[in-house]
Amino acid sequence: MLNIFNKCLNLQITKKYLINNNRYYSTISSSSSSSSSGNIKSEEFKNSDAYIISKNNKAWEVIIGIEVHAQTKSKEKLFSDSANIGSMEGFRANSRVSFTDAAFPGTLPILNEKCVEQAIKTGLALGAKINKYSYFDRKHYFYQDLPQGYQITQYNEPIVKGGQMLLNLSNQRQKLIRISHIQLEQDSGKSIHDIHPTLSFVDLNRAGIGLMEIVSHADFNSSEQVGAYIKQLQHLLKHIGSSDANMQFGEMRCDVNISVHEPNTPLGTRVELKNMISAKAIMGSIDAEAQRQIEILENGGKIQRETRGFNQETGQTFHLRTKQDEVDYRFFSEPDLPPLIISDSQINRIRENLGELPQDMKQRIIRQYSLNEYDASLLMEDQRVAKYFEESIHFNSQTKPREIKKILPWILKEMFSWMNQHNQSFQSIPISVKRFCEFLDLIESGLISTRAGKTIFDKMLSQANEDNNFTSMDLDPKALVDSLGLSQISDDEYLDKLCHRLVIDHPTQTTEYKSGKTRVYKFFIGEIMKLTKGRSNPEKVNLYLKKYLDTPNVQK
């Protein structure tokens, strides 16, 4: 039996097929307007908060609804004990597939409690109502990467109902978006069409992975609002730990429904946009599709119910398939799973462990540390950055907290610059809070200058890159200072004598300075830097230089 199972999973191959009728697939749009080809660029119209003004100077309102599929963060899949690795690179196709995932006869689904908890956590974070009595349904459709021939989802009674998200837009504008519901469902496999010219391949590693489908009301009126929603929702899911939500790995995917109509007229025919892998692509597709629909309507055409994709290179949407009628998925209650009953104690336990939400945390650090909005926003892009920042303030501080202004530049400038340069996340920063604070204390104590500190910090970061290891390196900054000979010269007697000798040895420059040519002072600083190789304590150098330059007659 096991041998048969393994053979069946060894990259299933199905022949590609085309169905050229309006109900399913077509390569030609059936719209009555020649503009329906999508060859229209989005720069031709201006976008505002409420309306789009077309090139014919007519106002159009865009109505948008979003369905987000976020992969639940759990060790196992939704209904089996297979590893929840999804589409991550490095895993052999069909290597994380159980009998249940492959829909072998006689296998039964067993609900993963962790996935349920993650859905509840997400609902609470969005201010939604947790449905104490929900159940699963079967959604029937055929595709080669859906082994069962149906998807287990929650159509009638989802686990979460309601909720909302307040969007923060540019120029301090805000927009409240209502959430309709969140339902738990299983993912399908992955069809691969670009390996062979006439064959398609099926990878079932994703089959059965738990998804939270987060469905909004059609409250969006612009691509800006949608972009803000996706980014804020992604940030929220990562912050509370219910999903890793990495769009590049397929852990967060979005379907967009969009229509346009003139103000005070009935809503237009909606078109679905699918298969977009970033917030930027989604925003671009909305602008392009809104313009396409406006162009069709202004030319006297009609909008066709269809599903479209988006080509980022051309900035155009393109036809995928026609949807003349609603598909009958023949929903009925899942007979192999009992109703999902959630108690008040379960909900309260999850609520108590939810922690501080992103917006609350942002407002707190602004108040507590007197940060501006911009710096606080940068820190809150990743919860780990904000926690690192707060831990650095008090870590091993014997007397008083470290100064905020002496911590922020190293995090927001130096660390962020390194992450951008090496295309890494904050998780890959190879400097622990302990080592970072030791480094800050070296500067504060005067052992190294800020200039030397930049060299040390770059070395602490770049050493990980040299070893191709972004997590295990945690270099001792004091050891680096000693090995590179970058410790600051702060010896009072030495610097006093050095400044005294410099003034005596350069009488011409000394006379010029005393006659009012204060810019000559830079000459003395430069000479000190040469003699000490940039390691002298600048405050003490200024003190002793001024002492002798301001003295009328300096004795040799």
# chains A, B, ... in the order shown; residues from 1 in each chain; ligands from 1

call {"tool": "residues_around", "arguments": {"residues": "Leu378 in chain A", "least_positions_apart": "3", "cutoff": "12 Å", "atoms": "only C-alpha atoms", "output": "PyMOL selection string"}}
result
chain A and resi 362+365-366+371-375+381-386+389+408-409+411-413+415-416

call {"tool": "write_last_selection", "arguments": {"atoms": "C-alpha atoms", "output": "PDB file, in the first residue's frame"}}
result
ATOM      1  CA  LYS A 362       2.892  52.384  18.481  1.00  0.00           C
ATOM      2  CA  ILE A 365       6.169  54.078  22.460  1.00  0.00           C
ATOM      3  CA  ILE A 366       5.414  57.540  21.025  1.00  0.00           C
ATOM      4  CA  LEU A 371       9.274  59.577  19.470  1.00  0.00           C
ATOM      5  CA  ASN A 372       7.962  61.231  16.349  1.00  0.00           C
ATOM      6  CA  GLU A 373       5.413  59.480  14.148  1.00  0.00           C
ATOM      7  CA  TYR A 374       7.976  58.597  11.469  1.00  0.00           C
ATOM      8  CA  ASP A 375      10.488  56.904  13.790  1.00  0.00           C
ATOM      9  CA  GLU A 381       7.249  47.750  10.750  1.00  0.00           C
ATOM     10  CA  ASP A 382       8.483  44.647  12.551  1.00  0.00           C
ATOM     11  CA  GLN A 383       7.511  43.888  16.136  1.00  0.00           C
ATOM     12  CA  ARG A 384      10.969  42.424  16.712  1.00  0.00           C
ATOM     13  CA  VAL A 385      12.565  45.794  15.949  1.00  0.00           C
ATOM     14  CA  ALA A 386      10.376  47.582  18.504  1.00  0.00           C
ATOM     15  CA  PHE A 389      14.712  48.918  20.774  1.00  0.00           C
ATOM     16  CA  LEU A 408      17.826  55.025  17.343  1.00  0.00           C
ATOM     17  CA  PRO A 409      20.421  55.957  14.654  1.00  0.00           C
ATOM     18  CA  ILE A 411      18.931  50.712  14.571  1.00  0.00           C
ATOM     19  CA  LEU A 412      17.023  52.827  12.045  1.00  0.00           C
ATOM     20  CA  LYS A 413      20.003  53.823   9.914  1.00  0.00           C
ATOM     21  CA  MET A 415      20.811  48.089  10.815  1.00  0.00           C
ATOM     22  CA  PHE A 416      18.111  48.983   8.266  1.00  0.00           C
TER      23      PHE A 416
END

call {"tool": "residues_around", "arguments": {"residues": "range 327-343 of chain A", "least_positions_apart": "3", "cutoff": "7 Å", "atoms": "only C-alpha atoms", "output": "JSON, numbers by chain"}}
result
{"A": [108, 109, 132, 133, 134, 135, 136, 137, 138, 139, 140, 141, 346, 347]}

call {"tool": "write_last_selection", "arguments": {"atoms": "all heavy atoms", "output": "short mmCIF file (atom, residue, chain, number, x, y, z; two decimals), in the first residue's frame"}}
result
data_model
loop_
_atom_site.label_atom_id
_atom_site.label_comp_id
_atom_site.auth_asym_id
_atom_site.auth_seq_id
_atom_site.Cartn_x
_atom_site.Cartn_y
_atom_site.Cartn_z
N LEU A 108 -9.82 10.00 7.17
CA LEU A 108 -10.74 10.97 7.76
C LEU A 108 -9.97 12.20 8.25
O LEU A 108 -8.84 12.08 8.74
CB LEU A 108 -11.49 10.34 8.94
CG LEU A 108 -12.46 9.20 8.61
CD1 LEU A 108 -13.01 8.60 9.90
CD2 LEU A 108 -13.60 9.71 7.74
N PRO A 109 -10.57 13.38 8.14
CA PRO A 109 -9.92 14.61 8.62
C PRO A 109 -10.01 14.70 10.14
O PRO A 109 -11.02 14.34 10.75
CB PRO A 109 -10.72 15.72 7.94
CG PRO A 109 -12.09 15.14 7.77
CD PRO A 109 -11.87 13.68 7.50
N LYS A 132 -19.39 30.84 18.59
CA LYS A 132 -19.19 29.70 19.50
C LYS A 132 -19.68 28.39 18.90
O LYS A 132 -19.32 27.31 19.39
CB LYS A 132 -19.89 29.96 20.83
CG LYS A 132 -19.32 31.17 21.58
CD LYS A 132 -20.09 31.42 22.87
CE LYS A 132 -19.61 32.68 23.55
NZ LYS A 132 -20.39 32.96 24.79
N TYR A 133 -20.50 28.48 17.88
CA TYR A 133 -21.00 27.28 17.22
C TYR A 133 -20.84 27.46 15.71
O TYR A 133 -21.57 28.22 15.07
CB TYR A 133 -22.48 27.02 17.56
CG TYR A 133 -23.05 25.75 16.96
CD1 TYR A 133 -23.02 24.55 17.68
CD2 TYR A 133 -23.61 25.75 15.68
CE1 TYR A 133 -23.53 23.38 17.12
CE2 TYR A 133 -24.12 24.60 15.12
CZ TYR A 133 -24.08 23.41 15.85
OH TYR A 133 -24.59 22.26 15.30
N SER A 134 -19.86 26.80 15.14
CA SER A 134 -19.64 26.87 13.69
C SER A 134 -19.46 25.45 13.16
O SER A 134 -19.28 24.50 13.94
CB SER A 134 -18.42 27.73 13.36
OG SER A 134 -17.25 27.16 13.89
N TYR A 135 -19.50 25.31 11.86
CA TYR A 135 -19.28 23.98 11.29
C TYR A 135 -18.67 24.11 9.90
O TYR A 135 -18.60 25.19 9.32
CB TYR A 135 -20.58 23.16 11.26
CG TYR A 135 -21.73 23.77 10.51
CD1 TYR A 135 -21.88 23.60 9.14
CD2 TYR A 135 -22.70 24.51 11.19
CE1 TYR A 135 -22.94 24.14 8.46
CE2 TYR A 135 -23.77 25.07 10.51
CZ TYR A 135 -23.89 24.88 9.14
OH TYR A 135 -24.94 25.43 8.46
N PHE A 136 -18.24 22.98 9.38
CA PHE A 136 -17.54 22.95 8.10
C PHE A 136 -18.48 22.44 6.99
O PHE A 136 -19.42 21.68 7.25
CB PHE A 136 -16.30 22.06 8.17
CG PHE A 136 -15.20 22.65 9.02
CD1 PHE A 136 -15.13 22.37 10.39
CD2 PHE A 136 -14.25 23.49 8.47
CE1 PHE A 136 -14.13 22.92 11.17
CE2 PHE A 136 -13.24 24.04 9.24
CZ PHE A 136 -13.18 23.75 10.60
N ASP A 137 -18.17 22.90 5.77
CA ASP A 137 -18.95 22.51 4.60
C ASP A 137 -18.01 21.97 3.51
O ASP A 137 -16.81 22.26 3.51
CB ASP A 137 -19.72 23.71 4.03
CG ASP A 137 -20.62 24.36 5.05
OD1 ASP A 137 -21.70 23.81 5.32
OD2 ASP A 137 -20.24 25.42 5.60
N ARG A 138 -18.60 21.23 2.59
CA ARG A 138 -17.86 20.79 1.41
C ARG A 138 -18.21 21.70 0.23
O ARG A 138 -19.38 21.91 -0.07
CB ARG A 138 -18.19 19.34 1.06
CG ARG A 138 -17.60 18.32 2.01
CD ARG A 138 -17.81 16.90 1.51
NE ARG A 138 -17.27 15.92 2.45
CZ ARG A 138 -17.27 14.61 2.25
NH1 ARG A 138 -17.83 14.12 1.13
NH2 ARG A 138 -16.76 13.79 3.14
N LYS A 139 -17.17 22.19 -0.42
CA LYS A 139 -17.32 23.02 -1.62
C LYS A 139 -16.80 22.21 -2.80
O LYS A 139 -15.60 21.96 -2.91
CB LYS A 139 -16.53 24.33 -1.45
CG LYS A 139 -16.53 25.23 -2.66
CD LYS A 139 -15.65 26.47 -2.41
CE LYS A 139 -15.61 27.39 -3.61
NZ LYS A 139 -14.74 28.58 -3.35
N HIS A 140 -17.67 21.79 -3.68
CA HIS A 140 -17.31 20.86 -4.75
C HIS A 140 -16.88 21.58 -6.03
O HIS A 140 -17.60 22.44 -6.55
CB HIS A 140 -18.49 19.94 -5.09
CG HIS A 140 -18.87 19.03 -3.97
ND1 HIS A 140 -19.65 19.44 -2.92
CD2 HIS A 140 -18.56 17.73 -3.73
CE1 HIS A 140 -19.83 18.43 -2.08
NE2 HIS A 140 -19.16 17.38 -2.55
N TYR A 141 -15.70 21.27 -6.48
CA TYR A 141 -15.25 21.67 -7.82
C TYR A 141 -14.08 20.78 -8.20
O TYR A 141 -13.43 20.17 -7.35
CB TYR A 141 -14.86 23.15 -7.87
CG TYR A 141 -13.64 23.54 -7.06
CD1 TYR A 141 -12.38 23.61 -7.64
CD2 TYR A 141 -13.76 23.88 -5.71
CE1 TYR A 141 -11.26 23.98 -6.91
CE2 TYR A 141 -12.66 24.26 -4.96
CZ TYR A 141 -11.41 24.31 -5.57
OH TYR A 141 -10.31 24.67 -4.83
N GLN A 346 -12.13 29.26 26.53
CA GLN A 346 -11.14 29.22 25.44
C GLN A 346 -10.91 30.61 24.85
O GLN A 346 -9.77 31.03 24.64
CB GLN A 346 -11.61 28.27 24.33
CG GLN A 346 -11.53 26.80 24.67
CD GLN A 346 -12.10 25.94 23.55
OE1 GLN A 346 -13.30 25.94 23.30
NE2 GLN A 346 -11.23 25.21 22.85
N ILE A 347 -12.00 31.31 24.61
CA ILE A 347 -11.90 32.66 24.04
C ILE A 347 -11.16 33.59 24.98
O ILE A 347 -10.27 34.35 24.58
CB ILE A 347 -13.29 33.21 23.70
CG1 ILE A 347 -13.98 32.33 22.65
CG2 ILE A 347 -13.21 34.65 23.23
CD1 ILE A 347 -15.42 32.68 22.38
#

call {"tool": "residues_around", "arguments": {"residues": "range 520-524 of chain A", "least_positions_apart": "2", "cutoff": "10 Å", "atoms": "only C-alpha atoms", "output": "PyMOL selection string"}}
result
chain A and resi 499+502-503+506+509-514+516-518+526-530+541-542+545-546+549

call {"tool": "atom_distance", "arguments": {"atom1": "CA of Lys533 in chain A", "atom2": "CA of Leu440 in chain A"}}
result
21.7 Å

call {"tool": "closest_residue", "arguments": {"among": "A:Asn221, A:Ser428, A:Ser82, A:Thr269", "to": "Ser98 in chain A", "atoms": "only C-alpha atoms"}}
result
A:Ser82

call {"tool": "residues_around", "arguments": {"residues": "range 110-121 of chain A", "least_positions_apart": "5", "cutoff": "8 Å", "atoms": "only C-alpha atoms", "output": "PyMOL selection string"}}
result
chain A and resi 72-74+76-80+130+159-160+182-184+210+212+240-243+337+347+350-351+354

call {"tool": "write_last_selection", "arguments": {"atoms": "N, CA, C and O atoms", "output": "short mmCIF file (atom, residue, chain, number, x, y, z; two decimals), in the first residue's frame"}}
result
data_model
loop_
_atom_site.label_atom_id
_atom_site.label_comp_id
_atom_site.auth_asym_id
_atom_site.auth_seq_id
_atom_site.Cartn_x
_atom_site.Cartn_y
_atom_site.Cartn_z
N THR A 72 -2.39 29.72 8.23
CA THR A 72 -2.27 29.67 9.68
C THR A 72 -0.88 29.21 10.09
O THR A 72 -0.29 28.33 9.46
N LYS A 73 -0.36 29.81 11.15
CA LYS A 73 0.97 29.44 11.64
C LYS A 73 0.82 28.26 12.61
O LYS A 73 0.38 28.41 13.74
N SER A 74 1.16 27.09 12.12
CA SER A 74 1.04 25.86 12.93
C SER A 74 2.06 24.85 12.42
O SER A 74 2.54 24.96 11.28
N GLU A 76 1.44 21.57 11.95
CA GLU A 76 0.80 20.61 11.06
C GLU A 76 -0.29 21.27 10.23
O GLU A 76 -0.69 22.40 10.50
N LYS A 77 -0.76 20.55 9.24
CA LYS A 77 -1.83 21.06 8.37
C LYS A 77 -3.17 21.07 9.11
O LYS A 77 -3.26 20.65 10.26
N LEU A 78 -4.19 21.56 8.43
CA LEU A 78 -5.48 21.76 9.07
C LEU A 78 -6.14 20.46 9.51
O LEU A 78 -6.73 20.38 10.59
N PHE A 79 -6.06 19.40 8.67
CA PHE A 79 -6.76 18.16 8.98
C PHE A 79 -5.85 16.92 9.01
O PHE A 79 -6.34 15.81 8.98
N SER A 80 -4.54 17.13 9.00
CA SER A 80 -3.61 15.99 9.05
C SER A 80 -2.36 16.40 9.82
O SER A 80 -2.19 17.57 10.18
N ILE A 130 -16.55 36.11 18.01
CA ILE A 130 -16.19 34.70 17.81
C ILE A 130 -17.46 33.86 17.86
O ILE A 130 -18.22 33.90 18.83
N ILE A 159 -16.19 30.75 11.64
CA ILE A 159 -15.75 30.81 13.03
C ILE A 159 -15.70 32.24 13.57
O ILE A 159 -15.80 32.47 14.77
N VAL A 160 -15.55 33.21 12.67
CA VAL A 160 -15.46 34.62 13.09
C VAL A 160 -16.43 35.44 12.25
O VAL A 160 -16.51 35.27 11.03
N ILE A 182 -14.42 35.70 8.93
CA ILE A 182 -13.21 34.90 8.72
C ILE A 182 -13.60 33.44 8.78
O ILE A 182 -14.25 33.01 9.74
N GLN A 183 -13.24 32.68 7.75
CA GLN A 183 -13.56 31.26 7.75
C GLN A 183 -12.29 30.43 7.63
O GLN A 183 -11.33 30.83 7.00
N LEU A 184 -12.31 29.28 8.27
CA LEU A 184 -11.22 28.33 8.15
C LEU A 184 -11.47 27.41 6.97
O LEU A 184 -12.60 26.96 6.76
N GLY A 210 -3.84 24.82 6.43
CA GLY A 210 -4.91 25.63 6.98
C GLY A 210 -4.83 27.08 6.51
O GLY A 210 -3.78 27.71 6.55
N MET A 212 -6.88 30.98 6.69
CA MET A 212 -7.92 31.87 7.20
C MET A 212 -8.35 32.76 6.04
O MET A 212 -7.54 33.54 5.53
N ILE A 240 0.74 39.36 15.88
CA ILE A 240 0.09 38.49 16.86
C ILE A 240 0.51 37.03 16.68
O ILE A 240 0.18 36.19 17.51
N GLY A 241 1.22 36.73 15.58
CA GLY A 241 1.75 35.38 15.39
C GLY A 241 0.75 34.37 14.85
O GLY A 241 0.97 33.17 14.96
N SER A 242 -0.34 34.84 14.24
CA SER A 242 -1.32 33.88 13.70
C SER A 242 -0.95 33.42 12.29
O SER A 242 -1.44 32.40 11.83
N SER A 243 -0.08 34.18 11.61
CA SER A 243 0.38 33.80 10.28
C SER A 243 1.71 34.50 10.00
O SER A 243 1.92 35.63 10.45
N LEU A 337 -16.85 15.71 9.98
CA LEU A 337 -16.41 16.59 11.06
C LEU A 337 -17.60 17.05 11.88
O LEU A 337 -18.61 17.50 11.32
N ILE A 347 -12.00 31.31 24.61
CA ILE A 347 -11.90 32.66 24.04
C ILE A 347 -11.16 33.59 24.98
O ILE A 347 -10.27 34.35 24.58
N ILE A 350 -7.36 32.91 25.10
CA ILE A 350 -6.67 33.44 23.92
C ILE A 350 -6.59 34.96 23.98
O ILE A 350 -5.56 35.56 23.64
N ARG A 351 -7.66 35.59 24.46
CA ARG A 351 -7.67 37.06 24.57
C ARG A 351 -6.62 37.53 25.57
O ARG A 351 -5.92 38.52 25.32
N LEU A 354 -3.17 37.52 24.06
CA LEU A 354 -3.05 38.19 22.77
C LEU A 354 -1.92 39.22 22.76
O LEU A 354 -1.23 39.39 21.76
#

call {"tool": "closest_residue", "arguments": {"among": "A:Arg270, A:Lys231, A:Arg349, A:Lys190", "to": "Met165 in chain A", "atoms": "only C-alpha atoms"}}
result
A:Lys231

call {"tool": "atom_distance", "arguments": {"atom1": "CA of Ile282 in chain A", "atom2": "CA of Val68 in chain A"}}
result
11.8 Å

call {"tool": "residues_around", "arguments": {"residues": "Phe318 in chain A", "least_positions_apart": "2", "cutoff": "7 Å", "atoms": "only C-alpha atoms", "output": "CSV table (one decimal) with N, CA and C atoms, in the first residue's frame"}}
result
chain,number,residue,atom,x,y,z
A,38,GLY,N,-7.7,45.4,-22.5
A,38,GLY,CA,-6.9,45.8,-21.4
A,38,GLY,C,-5.6,46.6,-21.7
A,308,ARG,N,-9.7,38.0,-14.1
A,308,ARG,CA,-8.6,38.6,-14.8
A,308,ARG,C,-7.3,38.5,-14.0
A,309,GLY,N,-6.2,38.5,-14.7
A,309,GLY,CA,-4.9,38.5,-14.0
A,309,GLY,C,-4.2,39.9,-14.3
A,310,PHE,N,-3.0,40.1,-13.8
A,310,PHE,CA,-2.3,41.3,-13.9
A,310,PHE,C,-0.9,41.1,-14.4
A,316,GLN,N,-1.0,46.0,-17.3
A,316,GLN,CA,-2.4,45.8,-17.8
A,316,GLN,C,-2.9,44.5,-17.2
A,320,LEU,N,-8.6,35.8,-17.9
A,320,LEU,CA,-8.4,34.5,-17.5
A,320,LEU,C,-9.5,33.5,-17.9

call {"tool": "select_by_dssp", "arguments": {"residues": "range 64-293 of chain A", "states": "strand (DSSP E or B)", "output": "PyMOL selection string"}}
result
chain A and resi 64-71+76+83+129-130+133-134+137-140+150-153+160-161+164-168+174-186+190-192+199-203+210-216+220+252-261+271-276

call {"tool": "atom_distance", "arguments": {"atom1": "CA of Phe439 in chain A", "atom2": "CA of Ser490 in chain A"}}
result
17.6 Å

call {"tool": "select_by_dssp", "arguments": {"residues": "range 63-244 of chain A", "states": "helix (DSSP H, G or I)", "output": "ChimeraX atom specification"}}
result
/A:113-125,170-172,223-240

call {"tool": "decode", "arguments": {"residues": "range 162-172 of chain A", "atoms": "all heavy atoms", "output": "CSV table (one decimal), in the first residue's frame"}}
result
chain,number,residue,atom,x,y,z
A,162,GLY,N,-17.9,39.6,11.6
A,162,GLY,CA,-17.7,41.0,11.9
A,162,GLY,C,-16.2,41.4,12.0
A,162,GLY,O,-15.3,40.6,11.6
A,163,GLY,N,-16.0,42.5,12.6
A,163,GLY,CA,-14.6,43.0,12.8
A,163,GLY,C,-14.4,44.3,12.0
A,163,GLY,O,-15.2,44.6,11.1
A,164,GLN,N,-13.3,45.0,12.2
A,164,GLN,CA,-13.0,46.2,11.4
A,164,GLN,C,-11.5,46.5,11.5
A,164,GLN,O,-10.8,46.0,12.4
A,164,GLN,CB,-13.8,47.3,11.9
A,164,GLN,CG,-13.5,47.7,13.4
A,164,GLN,CD,-14.4,48.8,13.9
A,164,GLN,OE1,-15.5,49.0,13.5
A,164,GLN,NE2,-14.0,49.5,14.9
A,165,MET,N,-11.1,47.3,10.6
A,165,MET,CA,-9.7,47.8,10.6
A,165,MET,C,-9.7,49.3,10.2
A,165,MET,O,-10.3,49.6,9.2
A,165,MET,CB,-8.8,47.0,9.7
A,165,MET,CG,-7.4,47.5,9.5
A,165,MET,SD,-6.3,46.4,8.6
A,165,MET,CE,-6.0,45.2,9.8
A,166,LEU,N,-9.0,50.1,11.0
A,166,LEU,CA,-8.9,51.5,10.7
A,166,LEU,C,-7.6,51.7,9.9
A,166,LEU,O,-6.5,51.5,10.4
A,166,LEU,CB,-8.9,52.3,12.0
A,166,LEU,CG,-8.9,53.9,11.8
A,166,LEU,CD1,-10.1,54.4,11.1
A,166,LEU,CD2,-8.7,54.6,13.2
A,167,LEU,N,-7.7,52.2,8.7
A,167,LEU,CA,-6.6,52.4,7.8
A,167,LEU,C,-6.0,53.8,8.0
A,167,LEU,O,-6.7,54.8,8.2
A,167,LEU,CB,-7.0,52.3,6.3
A,167,LEU,CG,-7.7,51.0,5.9
A,167,LEU,CD1,-7.9,51.0,4.4
A,167,LEU,CD2,-6.9,49.8,6.3
A,168,ASN,N,-4.6,53.8,8.1
A,168,ASN,CA,-3.9,55.1,8.2
A,168,ASN,C,-3.4,55.4,6.8
A,168,ASN,O,-2.5,54.7,6.3
A,168,ASN,CB,-2.8,54.9,9.2
A,168,ASN,CG,-3.3,54.7,10.6
A,168,ASN,OD1,-4.1,55.4,11.1
A,168,ASN,ND2,-2.7,53.6,11.2
A,169,LEU,N,-3.9,56.5,6.2
A,169,LEU,CA,-3.6,56.9,4.8
A,169,LEU,C,-2.7,58.1,4.9
A,169,LEU,O,-2.3,58.6,5.9
A,169,LEU,CB,-4.8,57.1,4.0
A,169,LEU,CG,-5.9,56.0,4.1
A,169,LEU,CD1,-7.2,56.5,3.4
A,169,LEU,CD2,-5.3,54.8,3.3
A,170,SER,N,-2.2,58.5,3.7
A,170,SER,CA,-1.4,59.7,3.6
A,170,SER,C,-2.1,61.0,4.1
A,170,SER,O,-3.3,61.0,4.1
A,170,SER,CB,-0.9,59.9,2.2
A,170,SER,OG,-2.0,60.1,1.3
A,171,ASN,N,-1.3,62.0,4.5
A,171,ASN,CA,-1.9,63.3,4.9
A,171,ASN,C,-2.8,63.1,6.1
A,171,ASN,O,-3.8,63.8,6.2
A,171,ASN,CB,-2.6,64.0,3.8
A,171,ASN,CG,-1.6,64.3,2.6
A,171,ASN,OD1,-0.5,64.6,2.8
A,171,ASN,ND2,-2.1,64.1,1.4
A,172,GLN,N,-2.5,62.1,7.0
A,172,GLN,CA,-3.2,61.9,8.2
A,172,GLN,C,-4.7,61.6,8.0
A,172,GLN,O,-5.5,61.8,8.9
A,172,GLN,CB,-3.1,63.1,9.2
A,172,GLN,CG,-1.7,63.4,9.6
A,172,GLN,CD,-1.5,64.6,10.5
A,172,GLN,OE1,-2.4,65.5,10.6
A,172,GLN,NE2,-0.5,64.5,11.4
